[in-house]
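Since the structure comes first, as structure tokens, the remarks are kept for the end.
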Amino acid sequence: MSEPTAPRGRVLPLTPVHAAPRLRADAVRNRARLLEAATRLAAEHGAANLTMEAVAAAASVGKGTVSRRFGDRNGLLLALLDHQEQRLQEAFITGPPPLGPGADPVRRLLAFGPAVMRHEHAHRDLYLAADPGPDRRFTAPARRVRIAHLTTLLRQATGDADVDVLAHTLLASLDTALVHHLTTRLGMPLARVGAGWADLVTRLTAR
């Protein structure tokens with residue numbers, strides 16, 4: 001069964017819907033202030049070194065306030081990623097072709113991989129620090145949107161293939177930690193990894 005997708009023209013956040021209830025105006029302001037402090041600290045010291053205590057001190061609030069707003073450190077990191085993830089989703093859901101609607105499915109698939117790689121490379125520190133772990137990695141709403149998008153394009157491009165399995169396989173090749181390993185430990189240029197994506201898509205969609 002295909003993963004659920006976001007409604008047309010809408011994006012889904014990294015954090016589950018039930019974890020982000022509608023906030024009062026003052027709570028919205030406080031959340032924005034905490035995220036501003038967290039963003040500044042992450043830029044200065046790296047997302048891997050970000051702590052709830054440091055954010056609370058920078059925002060002049062108690063640690064309990066940060067915990068109530070974000071749950072835990074991973075929830076805080078995911079909140080920092082939300083805005084950037086939504087920008088990426090907007091690009092492939094409603095943006096211009098070939099990444100967005102208007103191009104044929106194979107061209108959109110070819111554009112999707114490099115777009116995700118460039119996006120996550122630009123925010124790699126946050127993505128690596130915010131890795132939710134194996135128990136939540138495959139159920140994050142943002143991942144489900146990516147899977148649904150790939151499933152739709154693969155179904156249009158391949159017809160009778162097992163698109164559910166293929167979508168997960170393709171997305172696994174874009175894993176942030178894997179791309180980081182290939183580019184830093186093995187010294188592969190990002191363009192080479194992108195070319196590998198293009199080769200994989202071409203082979204999968206060959207008639």
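We label chains A, B, ... in the order they appear in the structure tokens, count residues from 1 in each chain, and number ligands from 1 in the order shown.
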
*Excluding segment 38-49 of chain A and residues on its chain fewer than 6 positions from it, collect all residues at most 9 Å away from it, counting only C-alpha atoms, and give them as a PyMOL selection string.*
chain A and resi 55-56+58-59+76-77+80+125-130

*Could you give me, as a list in words, each residue of segment 157-193 of chain A that DSSP assigns to helix (DSSP H, G or I) when run on this structure's backbone?*
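Selection result, helix (DSSP H, G or I) within segment 157-193 of chain A: Ala157, Thr158, Val163, Asp164, Val165, Leu166, Ala167, His168, Thr169, Leu170, Leu171, Ala172, Thr176, Ala177, Leu178, Val179, His180, His181, Leu182, Thr183, Thr184, Arg185, Leu190, Ala191, Arg192 and Val193 of chain A.
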
What does the file look like for those residues with N, CA, C and O atoms, as an mmCIF file, in the first residue's frame?
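Generated output (selection_15.cif):
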data_model
loop_
_atom_site.group_PDB
_atom_site.id
_atom_site.type_symbol
_atom_site.label_atom_id
_atom_site.label_comp_id
_atom_site.auth_asym_id
_atom_site.auth_seq_id
_atom_site.Cartn_x
_atom_site.Cartn_y
_atom_site.Cartn_z
ATOM 1 N N ALA A 157 6.109 6.368 -14.178
ATOM 2 C CA ALA A 157 7.241 6.105 -15.070
ATOM 3 C C ALA A 157 7.422 4.636 -15.403
ATOM 4 O O ALA A 157 7.950 4.301 -16.470
ATOM 5 N N THR A 158 6.988 3.734 -14.497
ATOM 6 C CA THR A 158 7.293 2.314 -14.693
ATOM 7 C C THR A 158 6.063 1.445 -14.908
ATOM 8 O O THR A 158 6.187 0.313 -15.357
ATOM 9 N N VAL A 163 6.399 -0.316 -6.986
ATOM 10 C CA VAL A 163 6.856 1.042 -6.736
ATOM 11 C C VAL A 163 7.045 1.338 -5.253
ATOM 12 O O VAL A 163 7.838 2.212 -4.893
ATOM 13 N N ASP A 164 6.324 0.625 -4.387
ATOM 14 C CA ASP A 164 6.472 0.866 -2.954
ATOM 15 C C ASP A 164 7.881 0.499 -2.492
ATOM 16 O O ASP A 164 8.527 1.253 -1.762
ATOM 17 N N VAL A 165 8.360 -0.663 -2.916
ATOM 18 C CA VAL A 165 9.714 -1.093 -2.562
ATOM 19 C C VAL A 165 10.752 -0.201 -3.239
ATOM 20 O O VAL A 165 11.736 0.225 -2.631
ATOM 21 N N LEU A 166 10.535 0.098 -4.524
ATOM 22 C CA LEU A 166 11.497 0.916 -5.261
ATOM 23 C C LEU A 166 11.632 2.313 -4.658
ATOM 24 O O LEU A 166 12.730 2.871 -4.618
ATOM 25 N N ALA A 167 10.531 2.884 -4.192
ATOM 26 C CA ALA A 167 10.586 4.224 -3.600
ATOM 27 C C ALA A 167 11.467 4.233 -2.356
ATOM 28 O O ALA A 167 12.292 5.135 -2.166
ATOM 29 N N HIS A 168 11.301 3.228 -1.499
ATOM 30 C CA HIS A 168 12.124 3.142 -0.298
ATOM 31 C C HIS A 168 13.596 2.897 -0.661
ATOM 32 O O HIS A 168 14.501 3.438 -0.015
ATOM 33 N N THR A 169 13.820 2.085 -1.677
ATOM 34 C CA THR A 169 15.187 1.802 -2.105
ATOM 35 C C THR A 169 15.868 3.059 -2.638
ATOM 36 O O THR A 169 17.024 3.355 -2.301
ATOM 37 N N LEU A 170 15.147 3.806 -3.466
ATOM 38 C CA LEU A 170 15.701 5.046 -3.993
ATOM 39 C C LEU A 170 15.998 6.043 -2.871
ATOM 40 O O LEU A 170 17.071 6.663 -2.842
ATOM 41 N N LEU A 171 15.052 6.211 -1.961
ATOM 42 C CA LEU A 171 15.240 7.193 -0.902
ATOM 43 C C LEU A 171 16.402 6.807 0.010
ATOM 44 O O LEU A 171 17.109 7.685 0.528
ATOM 45 N N ALA A 172 16.624 5.510 0.205
ATOM 46 C CA ALA A 172 17.744 5.057 1.034
ATOM 47 C C ALA A 172 19.077 5.524 0.468
ATOM 48 O O ALA A 172 20.023 5.789 1.219
ATOM 49 N N THR A 176 21.229 10.949 4.545
ATOM 50 C CA THR A 176 22.187 12.007 4.866
ATOM 51 C C THR A 176 23.519 11.440 5.328
ATOM 52 O O THR A 176 24.588 11.892 4.896
ATOM 53 N N ALA A 177 23.470 10.448 6.229
ATOM 54 C CA ALA A 177 24.710 9.866 6.746
ATOM 55 C C ALA A 177 25.480 9.147 5.644
ATOM 56 O O ALA A 177 26.724 9.200 5.604
ATOM 57 N N LEU A 178 24.779 8.480 4.729
ATOM 58 C CA LEU A 178 25.446 7.787 3.633
ATOM 59 C C LEU A 178 26.127 8.785 2.703
ATOM 60 O O LEU A 178 27.306 8.614 2.347
ATOM 61 N N VAL A 179 25.415 9.821 2.299
ATOM 62 C CA VAL A 179 26.001 10.826 1.404
ATOM 63 C C VAL A 179 27.177 11.525 2.089
ATOM 64 O O VAL A 179 28.209 11.795 1.467
ATOM 65 N N HIS A 180 27.050 11.773 3.384
ATOM 66 C CA HIS A 180 28.152 12.369 4.154
ATOM 67 C C HIS A 180 29.373 11.450 4.133
ATOM 68 O O HIS A 180 30.515 11.911 3.952
ATOM 69 N N HIS A 181 29.154 10.152 4.301
ATOM 70 C CA HIS A 181 30.249 9.179 4.276
ATOM 71 C C HIS A 181 30.926 9.156 2.899
ATOM 72 O O HIS A 181 32.157 9.155 2.796
ATOM 73 N N LEU A 182 30.110 9.140 1.855
ATOM 74 C CA LEU A 182 30.663 9.070 0.501
ATOM 75 C C LEU A 182 31.479 10.319 0.156
ATOM 76 O O LEU A 182 32.532 10.224 -0.483
ATOM 77 N N THR A 183 30.991 11.476 0.590
ATOM 78 C CA THR A 183 31.661 12.721 0.196
ATOM 79 C C THR A 183 32.831 13.092 1.098
ATOM 80 O O THR A 183 33.796 13.717 0.637
ATOM 81 N N THR A 184 32.788 12.705 2.367
ATOM 82 C CA THR A 184 33.857 13.097 3.286
ATOM 83 C C THR A 184 34.859 11.975 3.525
ATOM 84 O O THR A 184 36.071 12.201 3.459
ATOM 85 N N ARG A 185 34.367 10.772 3.807
ATOM 86 C CA ARG A 185 35.282 9.660 4.099
ATOM 87 C C ARG A 185 35.883 9.075 2.828
ATOM 88 O O ARG A 185 37.064 8.706 2.804
ATOM 89 N N LEU A 190 30.120 15.608 -4.696
ATOM 90 C CA LEU A 190 28.672 15.482 -4.632
ATOM 91 C C LEU A 190 28.098 15.231 -6.023
ATOM 92 O O LEU A 190 27.102 14.516 -6.169
ATOM 93 N N ALA A 191 28.755 15.799 -7.045
ATOM 94 C CA ALA A 191 28.286 15.599 -8.419
ATOM 95 C C ALA A 191 28.357 14.126 -8.815
ATOM 96 O O ALA A 191 27.511 13.632 -9.566
ATOM 97 N N ARG A 192 29.359 13.406 -8.308
ATOM 98 C CA ARG A 192 29.472 11.981 -8.631
ATOM 99 C C ARG A 192 28.341 11.191 -7.982
ATOM 100 O O ARG A 192 27.773 10.276 -8.606
ATOM 101 N N VAL A 193 28.011 11.541 -6.751
ATOM 102 C CA VAL A 193 26.903 10.863 -6.072
ATOM 103 C C VAL A 193 25.605 11.163 -6.812
ATOM 104 O O VAL A 193 24.748 10.283 -6.987
#

*Which of A:Leu88, A:Ile93, A:Leu81, A:Ala27 sits closest to Ala115 of chain A [using only C-alpha atoms]*: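 Looking only at the distances to Ala115 of chain A, the closest residue turns out to be A:Leu88.
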
*Tell me, as a list of chain:residue names, which residues lie within 12 Å of Arg203 of chain A, counting only C-alpha atoms; anything in the same chain fewer than 2 positions away does not count.*
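Counting only C-alpha atoms, the residues come to A:Val106, A:Leu110, A:Ala157, A:Thr158, A:Leu166, A:Leu170, A:Gly196, A:Trp197, A:Ala198, A:Asp199, A:Leu200, A:Val201, A:Thr205, A:Ala206, A:Arg207.
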
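If you measure from each of A:Pro96, A:Pro189, A:Pro132, A:Gly102 to Gly75 of chain A using only C-alpha atoms, the closest one turns out to be A:Pro132.
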
*How many Å lie between atom CA of Asp72 of chain A and atom CA of Met52 of chain A, rounded to one decimal?*
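Straight-line distance from atom CA of Asp72 of chain A to atom CA of Met52 of chain A works out to 7.7 Å.
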
*Extract, using only C-alpha atoms, all DNA, RNA and protein residues at most 9 Å from Glu53 of chain A, discarding same-chain residues fewer than 4 positions from it, and format them as number ranges by chain.*
A: 57-58, 62-63, 66
